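Reviewing the structure listed below.
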Amino acid sequence: MQARRLVVPVVLLPLLVVVPWLSVDLPFVLPGALDSPGSLQLLALCLVFAGVALSYDLLFGFTGLLSFGHALYFALGVYVPAIALTEWEWSLPAALALLAGVAIVVPLVLGSVSLRVTGIAFAMVTLAFAQAGNVIVQTNPGGLTGGDEGIGLNVDPLPDFLVGVVNTKNLYWLALGYAVAVFLIARAAIGSSAGHVWRAIRENERRVEVIGLRPYPYKLLAFVLASFLAAWGGFLWLLLIGVTPEVTTATFTLTLLVMVVLGGAGARFGALAGGFVYTLLDYRLRNLAGEERIQELPDVLRVPLSEPLFLLGALFVAIVFFAPGGISSFPARLRSLVHRRAAKESAS
Amino acid sequence: MSAVTALRVEDLHVYLGESHVLQGVSFSVAKGGVTALLGRNGVGKTTTLRALMGLVPRTRGTVEVQGENVTRLPTHAIVRRGVGYVPEDRDVFAGLTVEENLRLSERGGDGRYDLVYDLFPELRERGRQRAGTLSGGQQQMVAIARALLNDNSLLLVDEPTKGLAPLLVTEVAVALERAAELATTVLVEQNLGVAQRVAQHVVVLDGGRVVHEGTAAELFASPERVRELLGVHGGHN
Amino acid sequence: MEATISTFVLLTITGLGLGAMYFLVASGLSLIYGLMGVLNFAHGAFITFGAYVAWWITDQIGGSFEVRLLVGGACGLAFGAALGALVELVFIRPLYRRPVEQVLVTVGLALALGALVYGIWGADAKFFPIPDWTLDTTTILGANIPNDRFVEIGVAAVVLVGLIALLRFTRIGLVIRAGVENRAMVTALGIDVRKTFTLVFAIGGSLAALAGVLSGVYYGNVDPVRGTSLLIYAFIVVVIGGFGSIGGSAVAAVAVGLVQQYANFYVADWLDWSGAGDVSVMLLLASVLLLRPEGLAPKVAH
Ligand SMILES: Nc1ncnc2c1ncn2[C@@H]1O[C@H](COP(=O)(O)OP(=O)(O)OP(=O)(O)O)[C@@H](O)[C@H]1O
Ligand SMILES: [Mg+2]
């Protein structure tokens, strides 16, 4: 147990830190050598989504709040700084300060409304608010959001080390820092007294009320914290990819849900792993679709195999059916497979 | 054996959430008459009936109805083998009329409406009234009527007199006696007066198990035994 | 003045036409949720697939526009019903008593089926064969109303009456109404509600497909995101109308359609922003929840 705890800080983290200096080929998994900009960008995205998935898991896995609007807060992180930097030509610190404020105020307001209802109604209300965000972005009010086109980010206010292909490694480290920060914040939050109440709410909200606690402020806290963390993931997306309206769609929120369930809801490393693996798979499957041996298949195979989202959706259904704990349950499953006989004996 | 046993329960275990509510309940009920299932508040009487009906998941145990093992059957299939259920909170469909409540429970299109309306004439008059607007006593009549409408061989009745005015308690007791002529009845009843009046056999639960089985006459003849097993005074209403 | 009235009439009837489509989607969602506690995200795929199958059939057969549309529409409906029943039997039923997993599975299906539509028919919109008379207008109170609006409203009205009749006067309807109130007690009366679940999914699937076909008539085409965009408004209708209530869905669908149209014209004009209509609907939802958290027509009892 002790040894397993040390695996991440002692082995995995340093390994992730030195990735941009490793000129190793990982054929099939990555587009080029580890230190190539293409690979680093992909890995950086994986890390961003590891963090964003964990932020979503604070809501879904740890507090039991099924939100369908998390994309909205990610999108704030994409659009708010982009507009401030490009349309208003603010400095980077000013734009980030604005994002910090917006990423607290918006979830505070929308969360306090959505949390008046529970369960499925909550899911639908969060979906509706996120859809409003999508409408706002698509309809381009005052020419601010750029509609379908998005915004060509004004990079002048950005420091040089964040701009250009040669600096992808810096973005990679930034993404790694983000994932680590989300992890540490999530761990602290889950371990705090509020975190205990979150889990109690997830298990049985009524029992929380019976012991005299109001679940509402705790749920709101989870909502605001999760949204705030997701917004910074959005900012990194802005640096890595740019402004694209897809980040405001309901489908985007659904993919966050898929990541968390893929990794294992309510398990910190699960969500991280889910976000990471999903992003990698998504990329791989996209490439696979273009490959000749797929294009040559008969239609019944070619069509589904060419649609990454079809395969990911199907994978998701399979996980829900056959491996409800997701990736994070794999070690335990493996162990129980190996020790099945021993476990049987000790149980009887 | 199967010819005389209406219900046999063997080593029934049920968990509700984390609590191990039934910890090996075993008893059997001979054909005919009323068996009272007794026990202190919260001891698991309702859970036992719900487990027999397949309404709560059972982790272990066997249930046989008329000699047939029904443990693995879904609720509706158990009911179709001739089991009528009157739940603790009546659970009439509030938005449906009295007549619709009855029609819904009718299996096979030959409901014994004459019997039911004979026992509870009020229900005929209130056929078009929504069940949610009935008094508690009238709702109880609907609940019992639903179980009597079909030709069931076993009735599971959970606290039919709970919260009723004394006059209605008598009416329900009369209905139960009538029902017992038609089907073997397992009756959960806190009102020991009613239990004493209608039951021939008793099964007492405590600590998730059966702690006493015997005839009603024998149990109620000994107030000390009643107090010891049920924590109340015999004859208490 | 006259222009104002005619504009208002046009907006109202167009709003009702939109509301008609929302109602068709929402009534199925609401019945499924009311009876089974399943929020069916795959409903959007029922809409899109229904519309595409209808389009595909119209493309294969000859005859007048009316005949092609009727035959295609019928095939779309049948496909929607079959898809709904299949989803219930294969994916929902094994997860009985695991409501969160049921929702997750419908999410996975929504993603997978949505992607399949792209894969099969591509991203471009397909044009629906629309009879000329639906494009003509009828003048009411000075307003020139495109005739297709009456088709949508008429079909939804027929469906509304049909659903109410089904619920009121048939045994299946009785079981559904009772099941919405208390599913466990229905099984305790010896009724196999699972059959009803499959049926309700089939009804929901066919109504969703019908909404997809009507949207094809309304917009003149069908595109791969049609289901998703209609579904979100249907969700809002279900929340506002109360789960499990057909009447509530009808009222809420009309309210949402009208608010959207009015705001789309009046507010959008005033703010010079075309998103006003859609965002007003979200605000309507928020205000209903603040005033009546349980929706307009909550489930009976409790
Ligand atoms: N959903 C649940 N989760 C956990 N415990 C439960 C649940 N439902 C009931 N219990 C507990 O199970 C025990 C048995 O309950 P049950 O209703 O079967 O008792 P009972 O004998 O019918 O009581 P009463 O005389 O009050 O009707 C009780 O202690 C109750 O607190
Ligand atoms: Mg009880």
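Chain lettering (A, B, ...) mirrors the order of the structure tokens, residue numbering begins at 1 for each chain separately, and ligand numbering begins at 1 in order of display.
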| task | May I have the residues within 12 Å of ligand 1, computed using only C-alpha atoms and all ligand atoms, as a ChimeraX atom specification? | result | /A:203-204,206-207 /B:14-23,37-52,55-57,87-89,157-163,187-191,204-209,230
| query | stretch 132-145 of chain B: which residues within 7 Å, counting only C-alpha atoms, same-chain residues fewer than 5 positions away excluded, as a list of chain:residue names? | reply |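 Residues near the query, excluding close chain neighbours: B:Val86, B:Arg90, B:Val92, B:Ala94, B:Gly95, B:Val98, B:Val116, B:Phe120, B:Pro160, B:Leu164, B:Leu168.
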Residues near C:Ile203, anyone? I mean within 12 Å using only C-alpha atoms, not counting same-chain ones fewer than 3 positions away, as a PDB file with all heavy atoms, in the first residue's frame.
ATOM      1  N   LEU C  24     -44.286  16.809 -29.197  1.00  0.00           N
ATOM      2  CA  LEU C  24     -44.145  15.419 -29.639  1.00  0.00           C
ATOM      3  C   LEU C  24     -42.929  14.762 -28.992  1.00  0.00           C
ATOM      4  O   LEU C  24     -42.963  13.597 -28.604  1.00  0.00           O
ATOM      5  CB  LEU C  24     -44.013  15.364 -31.160  1.00  0.00           C
ATOM      6  CG  LEU C  24     -45.275  15.750 -31.927  1.00  0.00           C
ATOM      7  CD1 LEU C  24     -44.996  15.746 -33.417  1.00  0.00           C
ATOM      8  CD2 LEU C  24     -46.411  14.797 -31.596  1.00  0.00           C
ATOM      9  N   VAL C  25     -41.848  15.514 -28.881  1.00  0.00           N
ATOM     10  CA  VAL C  25     -40.650  14.953 -28.266  1.00  0.00           C
ATOM     11  C   VAL C  25     -40.852  14.828 -26.756  1.00  0.00           C
ATOM     12  O   VAL C  25     -40.563  13.784 -26.154  1.00  0.00           O
ATOM     13  CB  VAL C  25     -39.416  15.837 -28.556  1.00  0.00           C
ATOM     14  CG1 VAL C  25     -38.170  15.222 -27.957  1.00  0.00           C
ATOM     15  CG2 VAL C  25     -39.245  16.019 -30.057  1.00  0.00           C
ATOM     16  N   ALA C  26     -41.386  15.900 -26.161  1.00  0.00           N
ATOM     17  CA  ALA C  26     -41.479  15.955 -24.700  1.00  0.00           C
ATOM     18  C   ALA C  26     -42.466  14.940 -24.147  1.00  0.00           C
ATOM     19  O   ALA C  26     -42.233  14.367 -23.076  1.00  0.00           O
ATOM     20  CB  ALA C  26     -41.870  17.361 -24.254  1.00  0.00           C
ATOM     21  N   SER C  27     -43.558  14.674 -24.866  1.00  0.00           N
ATOM     22  CA  SER C  27     -44.553  13.763 -24.306  1.00  0.00           C
ATOM     23  C   SER C  27     -43.943  12.370 -24.133  1.00  0.00           C
ATOM     24  O   SER C  27     -44.173  11.721 -23.109  1.00  0.00           O
ATOM     25  CB  SER C  27     -45.795  13.713 -25.190  1.00  0.00           C
ATOM     26  OG  SER C  27     -45.433  13.425 -26.520  1.00  0.00           O
ATOM     27  N   GLY C  28     -43.161  11.924 -25.115  1.00  0.00           N
ATOM     28  CA  GLY C  28     -42.507  10.620 -24.978  1.00  0.00           C
ATOM     29  C   GLY C  28     -41.500  10.615 -23.844  1.00  0.00           C
ATOM     30  O   GLY C  28     -41.483   9.703 -23.006  1.00  0.00           O
ATOM     31  N   LEU C  29     -40.671  11.652 -23.795  1.00  0.00           N
ATOM     32  CA  LEU C  29     -39.677  11.767 -22.721  1.00  0.00           C
ATOM     33  C   LEU C  29     -40.351  11.738 -21.364  1.00  0.00           C
ATOM     34  O   LEU C  29     -39.889  11.083 -20.427  1.00  0.00           O
ATOM     35  CB  LEU C  29     -38.956  13.107 -22.829  1.00  0.00           C
ATOM     36  CG  LEU C  29     -37.782  13.240 -23.761  1.00  0.00           C
ATOM     37  CD1 LEU C  29     -37.315  14.686 -23.744  1.00  0.00           C
ATOM     38  CD2 LEU C  29     -36.654  12.320 -23.324  1.00  0.00           C
ATOM     39  N   SER C  30     -41.442  12.480 -21.284  1.00  0.00           N
ATOM     40  CA  SER C  30     -42.129  12.646 -20.014  1.00  0.00           C
ATOM     41  C   SER C  30     -42.770  11.333 -19.567  1.00  0.00           C
ATOM     42  O   SER C  30     -42.704  10.967 -18.391  1.00  0.00           O
ATOM     43  CB  SER C  30     -43.174  13.741 -20.182  1.00  0.00           C
ATOM     44  OG  SER C  30     -43.841  13.962 -18.981  1.00  0.00           O
ATOM     45  N   LEU C  31     -43.360  10.609 -20.513  1.00  0.00           N
ATOM     46  CA  LEU C  31     -43.946   9.309 -20.160  1.00  0.00           C
ATOM     47  C   LEU C  31     -42.860   8.337 -19.715  1.00  0.00           C
ATOM     48  O   LEU C  31     -43.010   7.626 -18.728  1.00  0.00           O
ATOM     49  CB  LEU C  31     -44.682   8.715 -21.359  1.00  0.00           C
ATOM     50  CG  LEU C  31     -46.101   9.186 -21.606  1.00  0.00           C
ATOM     51  CD1 LEU C  31     -46.705   8.428 -22.782  1.00  0.00           C
ATOM     52  CD2 LEU C  31     -46.955   8.993 -20.365  1.00  0.00           C
ATOM     53  N   ILE C  32     -41.760   8.317 -20.463  1.00  0.00           N
ATOM     54  CA  ILE C  32     -40.668   7.404 -20.114  1.00  0.00           C
ATOM     55  C   ILE C  32     -40.132   7.756 -18.732  1.00  0.00           C
ATOM     56  O   ILE C  32     -39.958   6.894 -17.867  1.00  0.00           O
ATOM     57  CB  ILE C  32     -39.540   7.474 -21.162  1.00  0.00           C
ATOM     58  CG1 ILE C  32     -40.006   6.850 -22.480  1.00  0.00           C
ATOM     59  CG2 ILE C  32     -38.283   6.780 -20.657  1.00  0.00           C
ATOM     60  CD1 ILE C  32     -39.031   7.035 -23.623  1.00  0.00           C
ATOM     61  N   HIS C  43     -33.153   9.942 -26.894  1.00  0.00           N
ATOM     62  CA  HIS C  43     -34.339  10.432 -27.591  1.00  0.00           C
ATOM     63  C   HIS C  43     -33.981  11.306 -28.793  1.00  0.00           C
ATOM     64  O   HIS C  43     -34.673  11.299 -29.803  1.00  0.00           O
ATOM     65  CB  HIS C  43     -35.205  11.227 -26.611  1.00  0.00           C
ATOM     66  CG  HIS C  43     -36.656  10.914 -26.709  1.00  0.00           C
ATOM     67  ND1 HIS C  43     -37.200   9.752 -26.240  1.00  0.00           N
ATOM     68  CD2 HIS C  43     -37.682  11.613 -27.248  1.00  0.00           C
ATOM     69  CE1 HIS C  43     -38.500   9.758 -26.472  1.00  0.00           C
ATOM     70  NE2 HIS C  43     -38.815  10.863 -27.089  1.00  0.00           N
ATOM     71  N   PHE C  46     -33.483   9.218 -31.684  1.00  0.00           N
ATOM     72  CA  PHE C  46     -34.746   8.749 -32.264  1.00  0.00           C
ATOM     73  C   PHE C  46     -35.277   9.797 -33.262  1.00  0.00           C
ATOM     74  O   PHE C  46     -35.780   9.451 -34.330  1.00  0.00           O
ATOM     75  CB  PHE C  46     -35.811   8.505 -31.184  1.00  0.00           C
ATOM     76  CG  PHE C  46     -35.455   7.465 -30.146  1.00  0.00           C
ATOM     77  CD1 PHE C  46     -36.216   7.328 -28.998  1.00  0.00           C
ATOM     78  CD2 PHE C  46     -34.370   6.630 -30.323  1.00  0.00           C
ATOM     79  CE1 PHE C  46     -35.901   6.379 -28.033  1.00  0.00           C
ATOM     80  CE2 PHE C  46     -34.045   5.671 -29.368  1.00  0.00           C
ATOM     81  CZ  PHE C  46     -34.805   5.561 -28.222  1.00  0.00           C
ATOM     82  N   LEU C  77     -41.593   6.683 -38.643  1.00  0.00           N
ATOM     83  CA  LEU C  77     -42.268   6.400 -37.370  1.00  0.00           C
ATOM     84  C   LEU C  77     -42.038   4.963 -36.940  1.00  0.00           C
ATOM     85  O   LEU C  77     -41.747   4.688 -35.773  1.00  0.00           O
ATOM     86  CB  LEU C  77     -43.771   6.639 -37.521  1.00  0.00           C
ATOM     87  CG  LEU C  77     -44.300   7.909 -36.880  1.00  0.00           C
ATOM     88  CD1 LEU C  77     -43.827   9.109 -37.666  1.00  0.00           C
ATOM     89  CD2 LEU C  77     -45.808   7.862 -36.805  1.00  0.00           C
ATOM     90  N   ALA C  78     -42.194   4.058 -37.902  1.00  0.00           N
ATOM     91  CA  ALA C  78     -42.018   2.643 -37.573  1.00  0.00           C
ATOM     92  C   ALA C  78     -40.590   2.402 -37.112  1.00  0.00           C
ATOM     93  O   ALA C  78     -40.343   1.679 -36.129  1.00  0.00           O
ATOM     94  CB  ALA C  78     -42.339   1.783 -38.797  1.00  0.00           C
ATOM     95  N   PHE C  79     -39.646   3.034 -37.806  1.00  0.00           N
ATOM     96  CA  PHE C  79     -38.256   2.867 -37.416  1.00  0.00           C
ATOM     97  C   PHE C  79     -38.019   3.418 -36.008  1.00  0.00           C
ATOM     98  O   PHE C  79     -37.353   2.789 -35.179  1.00  0.00           O
ATOM     99  CB  PHE C  79     -37.335   3.567 -38.418  1.00  0.00           C
ATOM    100  CG  PHE C  79     -35.892   3.262 -38.199  1.00  0.00           C
ATOM    101  CD1 PHE C  79     -35.323   2.129 -38.752  1.00  0.00           C
ATOM    102  CD2 PHE C  79     -35.091   4.094 -37.423  1.00  0.00           C
ATOM    103  CE1 PHE C  79     -33.992   1.833 -38.537  1.00  0.00           C
ATOM    104  CE2 PHE C  79     -33.764   3.801 -37.200  1.00  0.00           C
ATOM    105  CZ  PHE C  79     -33.209   2.667 -37.766  1.00  0.00           C
ATOM    106  N   GLY C  80     -38.587   4.595 -35.741  1.00  0.00           N
ATOM    107  CA  GLY C  80     -38.436   5.193 -34.413  1.00  0.00           C
ATOM    108  C   GLY C  80     -38.989   4.271 -33.328  1.00  0.00           C
ATOM    109  O   GLY C  80     -38.381   4.086 -32.271  1.00  0.00           O
ATOM    110  N   ALA C  81     -40.150   3.687 -33.599  1.00  0.00           N
ATOM    111  CA  ALA C  81     -40.763   2.785 -32.620  1.00  0.00           C
ATOM    112  C   ALA C  81     -39.871   1.571 -32.389  1.00  0.00           C
ATOM    113  O   ALA C  81     -39.630   1.157 -31.246  1.00  0.00           O
ATOM    114  CB  ALA C  81     -42.142   2.351 -33.098  1.00  0.00           C
ATOM    115  N   ALA C  82     -39.358   1.012 -33.490  1.00  0.00           N
ATOM    116  CA  ALA C  82     -38.513  -0.180 -33.357  1.00  0.00           C
ATOM    117  C   ALA C  82     -37.227   0.161 -32.604  1.00  0.00           C
ATOM    118  O   ALA C  82     -36.794  -0.580 -31.717  1.00  0.00           O
ATOM    119  CB  ALA C  82     -38.188  -0.730 -34.744  1.00  0.00           C
ATOM    120  N   LEU C  83     -36.637   1.303 -32.934  1.00  0.00           N
ATOM    121  CA  LEU C  83     -35.401   1.710 -32.261  1.00  0.00           C
ATOM    122  C   LEU C  83     -35.653   1.907 -30.764  1.00  0.00           C
ATOM    123  O   LEU C  83     -34.870   1.470 -29.913  1.00  0.00           O
ATOM    124  CB  LEU C  83     -34.880   3.000 -32.902  1.00  0.00           C
ATOM    125  CG  LEU C  83     -33.497   3.468 -32.499  1.00  0.00           C
ATOM    126  CD1 LEU C  83     -32.455   2.405 -32.849  1.00  0.00           C
ATOM    127  CD2 LEU C  83     -33.140   4.784 -33.200  1.00  0.00           C
ATOM    128  N   GLY C  84     -36.786   2.557 -30.450  1.00  0.00           N
ATOM    129  CA  GLY C  84     -37.124   2.780 -29.048  1.00  0.00           C
ATOM    130  C   GLY C  84     -37.262   1.466 -28.296  1.00  0.00           C
ATOM    131  O   GLY C  84     -36.690   1.281 -27.218  1.00  0.00           O
ATOM    132  N   ALA C  85     -38.013   0.546 -28.880  1.00  0.00           N
ATOM    133  CA  ALA C  85     -38.232  -0.746 -28.224  1.00  0.00           C
ATOM    134  C   ALA C  85     -36.904  -1.489 -28.062  1.00  0.00           C
ATOM    135  O   ALA C  85     -36.630  -2.081 -27.013  1.00  0.00           O
ATOM    136  CB  ALA C  85     -39.219  -1.582 -29.027  1.00  0.00           C
ATOM    137  N   GLU C  88     -34.838  -0.071 -25.252  1.00  0.00           N
ATOM    138  CA  GLU C  88     -35.355  -0.464 -23.940  1.00  0.00           C
ATOM    139  C   GLU C  88     -34.982  -1.914 -23.632  1.00  0.00           C
ATOM    140  O   GLU C  88     -34.479  -2.218 -22.550  1.00  0.00           O
ATOM    141  CB  GLU C  88     -36.874  -0.276 -23.901  1.00  0.00           C
ATOM    142  CG  GLU C  88     -37.443  -0.225 -22.484  1.00  0.00           C
ATOM    143  CD  GLU C  88     -37.609  -1.591 -21.830  1.00  0.00           C
ATOM    144  OE1 GLU C  88     -37.889  -2.577 -22.542  1.00  0.00           O
ATOM    145  OE2 GLU C  88     -37.440  -1.704 -20.606  1.00  0.00           O
ATOM    146  N   VAL C 159     -52.181  13.896 -31.987  1.00  0.00           N
ATOM    147  CA  VAL C 159     -51.396  13.060 -31.072  1.00  0.00           C
ATOM    148  C   VAL C 159     -51.815  13.314 -29.624  1.00  0.00           C
ATOM    149  O   VAL C 159     -51.971  12.375 -28.831  1.00  0.00           O
ATOM    150  CB  VAL C 159     -49.887  13.328 -31.261  1.00  0.00           C
ATOM    151  CG1 VAL C 159     -49.083  12.708 -30.121  1.00  0.00           C
ATOM    152  CG2 VAL C 159     -49.428  12.772 -32.595  1.00  0.00           C
ATOM    153  N   GLY C 162     -55.030  11.648 -29.032  1.00  0.00           N
ATOM    154  CA  GLY C 162     -54.813  10.199 -29.046  1.00  0.00           C
ATOM    155  C   GLY C 162     -54.156   9.713 -27.765  1.00  0.00           C
ATOM    156  O   GLY C 162     -54.559   8.703 -27.186  1.00  0.00           O
ATOM    157  N   LEU C 163     -53.152  10.454 -27.302  1.00  0.00           N
ATOM    158  CA  LEU C 163     -52.461  10.046 -26.072  1.00  0.00           C
ATOM    159  C   LEU C 163     -53.398  10.101 -24.878  1.00  0.00           C
ATOM    160  O   LEU C 163     -53.403   9.203 -24.025  1.00  0.00           O
ATOM    161  CB  LEU C 163     -51.252  10.943 -25.821  1.00  0.00           C
ATOM    162  CG  LEU C 163     -49.976  10.619 -26.587  1.00  0.00           C
ATOM    163  CD1 LEU C 163     -48.897  11.642 -26.253  1.00  0.00           C
ATOM    164  CD2 LEU C 163     -49.486   9.220 -26.246  1.00  0.00           C
ATOM    165  N   LEU C 166     -55.671   7.232 -25.078  1.00  0.00           N
ATOM    166  CA  LEU C 166     -54.952   6.014 -24.702  1.00  0.00           C
ATOM    167  C   LEU C 166     -54.838   5.899 -23.185  1.00  0.00           C
ATOM    168  O   LEU C 166     -55.100   4.852 -22.588  1.00  0.00           O
ATOM    169  CB  LEU C 166     -53.555   6.025 -25.328  1.00  0.00           C
ATOM    170  CG  LEU C 166     -52.627   4.882 -24.913  1.00  0.00           C
ATOM    171  CD1 LEU C 166     -52.929   3.652 -25.757  1.00  0.00           C
ATOM    172  CD2 LEU C 166     -51.167   5.262 -25.054  1.00  0.00           C
ATOM    173  N   THR C 196     -44.903  -2.816 -20.418  1.00  0.00           N
ATOM    174  CA  THR C 196     -45.325  -1.431 -20.585  1.00  0.00           C
ATOM    175  C   THR C 196     -44.115  -0.521 -20.842  1.00  0.00           C
ATOM    176  O   THR C 196     -44.203   0.425 -21.606  1.00  0.00           O
ATOM    177  CB  THR C 196     -46.078  -0.967 -19.328  1.00  0.00           C
ATOM    178  OG1 THR C 196     -46.882  -2.037 -18.863  1.00  0.00           O
ATOM    179  CG2 THR C 196     -46.917   0.236 -19.617  1.00  0.00           C
ATOM    180  N   PHE C 197     -42.993  -0.845 -20.180  1.00  0.00           N
ATOM    181  CA  PHE C 197     -41.788  -0.049 -20.415  1.00  0.00           C
ATOM    182  C   PHE C 197     -41.409  -0.084 -21.889  1.00  0.00           C
ATOM    183  O   PHE C 197     -41.130   0.947 -22.507  1.00  0.00           O
ATOM    184  CB  PHE C 197     -40.597  -0.607 -19.620  1.00  0.00           C
ATOM    185  CG  PHE C 197     -40.727  -0.472 -18.127  1.00  0.00           C
ATOM    186  CD1 PHE C 197     -39.844  -1.127 -17.284  1.00  0.00           C
ATOM    187  CD2 PHE C 197     -41.712   0.323 -17.573  1.00  0.00           C
ATOM    188  CE1 PHE C 197     -39.951  -1.012 -15.918  1.00  0.00           C
ATOM    189  CE2 PHE C 197     -41.828   0.444 -16.198  1.00  0.00           C
ATOM    190  CZ  PHE C 197     -40.941  -0.240 -15.369  1.00  0.00           C
ATOM    191  N   THR C 198     -41.394  -1.300 -22.443  1.00  0.00           N
ATOM    192  CA  THR C 198     -41.017  -1.431 -23.853  1.00  0.00           C
ATOM    193  C   THR C 198     -41.993  -0.646 -24.724  1.00  0.00           C
ATOM    194  O   THR C 198     -41.591   0.075 -25.646  1.00  0.00           O
ATOM    195  CB  THR C 198     -41.025  -2.910 -24.269  1.00  0.00           C
ATOM    196  OG1 THR C 198     -40.354  -3.664 -23.271  1.00  0.00           O
ATOM    197  CG2 THR C 198     -40.327  -3.109 -25.593  1.00  0.00           C
ATOM    198  N   LEU C 199     -43.266  -0.778 -24.399  1.00  0.00           N
ATOM    199  CA  LEU C 199     -44.273  -0.089 -25.194  1.00  0.00           C
ATOM    200  C   LEU C 199     -44.100   1.422 -25.121  1.00  0.00           C
ATOM    201  O   LEU C 199     -44.160   2.128 -26.135  1.00  0.00           O
ATOM    202  CB  LEU C 199     -45.669  -0.473 -24.682  1.00  0.00           C
ATOM    203  CG  LEU C 199     -46.787   0.182 -25.469  1.00  0.00           C
ATOM    204  CD1 LEU C 199     -46.979  -0.565 -26.774  1.00  0.00           C
ATOM    205  CD2 LEU C 199     -48.076   0.207 -24.672  1.00  0.00           C
ATOM    206  N   VAL C 200     -43.842   1.920 -23.912  1.00  0.00           N
ATOM    207  CA  VAL C 200     -43.698   3.368 -23.758  1.00  0.00           C
ATOM    208  C   VAL C 200     -42.466   3.861 -24.520  1.00  0.00           C
ATOM    209  O   VAL C 200     -42.484   4.925 -25.135  1.00  0.00           O
ATOM    210  CB  VAL C 200     -43.628   3.735 -22.264  1.00  0.00           C
ATOM    211  CG1 VAL C 200     -43.135   5.154 -22.072  1.00  0.00           C
ATOM    212  CG2 VAL C 200     -44.982   3.584 -21.630  1.00  0.00           C
ATOM    213  N   SER C 206     -41.515   6.559 -31.599  1.00  0.00           N
ATOM    214  CA  SER C 206     -42.259   6.918 -32.806  1.00  0.00           C
ATOM    215  C   SER C 206     -42.661   8.392 -32.769  1.00  0.00           C
ATOM    216  O   SER C 206     -42.625   9.072 -33.791  1.00  0.00           O
ATOM    217  CB  SER C 206     -43.475   6.013 -32.981  1.00  0.00           C
ATOM    218  OG  SER C 206     -44.369   6.197 -31.920  1.00  0.00           O
ATOM    219  N   LEU C 207     -43.018   8.899 -31.592  1.00  0.00           N
ATOM    220  CA  LEU C 207     -43.377  10.324 -31.516  1.00  0.00           C
ATOM    221  C   LEU C 207     -42.153  11.198 -31.785  1.00  0.00           C
ATOM    222  O   LEU C 207     -42.255  12.248 -32.423  1.00  0.00           O
ATOM    223  CB  LEU C 207     -43.973  10.660 -30.145  1.00  0.00           C
ATOM    224  CG  LEU C 207     -45.328  10.023 -29.842  1.00  0.00           C
ATOM    225  CD1 LEU C 207     -45.844  10.483 -28.488  1.00  0.00           C
ATOM    226  CD2 LEU C 207     -46.339  10.376 -30.923  1.00  0.00           C
ATOM    227  N   ALA C 208     -40.991  10.762 -31.299  1.00  0.00           N
ATOM    228  CA  ALA C 208     -39.770  11.510 -31.571  1.00  0.00           C
ATOM    229  C   ALA C 208     -39.483  11.514 -33.069  1.00  0.00           C
ATOM    230  O   ALA C 208     -39.151  12.552 -33.653  1.00  0.00           O
ATOM    231  CB  ALA C 208     -38.597  10.892 -30.816  1.00  0.00           C
ATOM    232  N   ALA C 209     -39.655  10.352 -33.707  1.00  0.00           N
ATOM    233  CA  ALA C 209     -39.446  10.278 -35.151  1.00  0.00           C
ATOM    234  C   ALA C 209     -40.438  11.183 -35.879  1.00  0.00           C
ATOM    235  O   ALA C 209     -40.078  11.875 -36.839  1.00  0.00           O
ATOM    236  CB  ALA C 209     -39.595   8.836 -35.627  1.00  0.00           C
ATOM    237  N   LEU C 210     -41.675  11.189 -35.389  1.00  0.00           N
ATOM    238  CA  LEU C 210     -42.695  12.053 -35.993  1.00  0.00           C
ATOM    239  C   LEU C 210     -42.257  13.520 -35.891  1.00  0.00           C
ATOM    240  O   LEU C 210     -42.384  14.291 -36.853  1.00  0.00           O
ATOM    241  CB  LEU C 210     -44.031  11.837 -35.284  1.00  0.00           C
ATOM    242  CG  LEU C 210     -45.225  12.646 -35.770  1.00  0.00           C
ATOM    243  CD1 LEU C 210     -45.487  12.406 -37.237  1.00  0.00           C
ATOM    244  CD2 LEU C 210     -46.477  12.299 -34.955  1.00  0.00           C
TER     245      LEU C 210
END
| DSSP says strand (DSSP E or B) for which residues of stretch 32-146 of chain C? Put them as a ChimeraX atom specification? | /C:126-127,137-140,143-146
Quick one: write out the picked residues with C-alpha atoms as a compact mmCIF listing (two decimals), in the first residue's frame?
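File produced: selection.txt:
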# COMPACT_ATOMS: atom_id res chain seq x y z
CA LYS C 126 -30.78 16.70 -46.80
CA PHE C 127 -33.72 18.36 -48.51
CA THR C 137 -49.66 30.83 -47.29
CA THR C 138 -53.09 31.30 -45.82
CA THR C 139 -54.09 34.75 -44.70
CA ILE C 140 -55.42 35.05 -41.17
CA ALA C 143 -51.00 37.60 -41.59
CA ASN C 144 -49.69 35.29 -44.30
CA ILE C 145 -49.15 32.00 -42.56
CA PRO C 146 -47.15 29.28 -44.31
| Which residue out of C:Val222, C:Val100, C:Leu116, C:Leu230 has the minimum interatomic distance to A:Glu307 when only C-alpha atoms are used? | C:Leu116
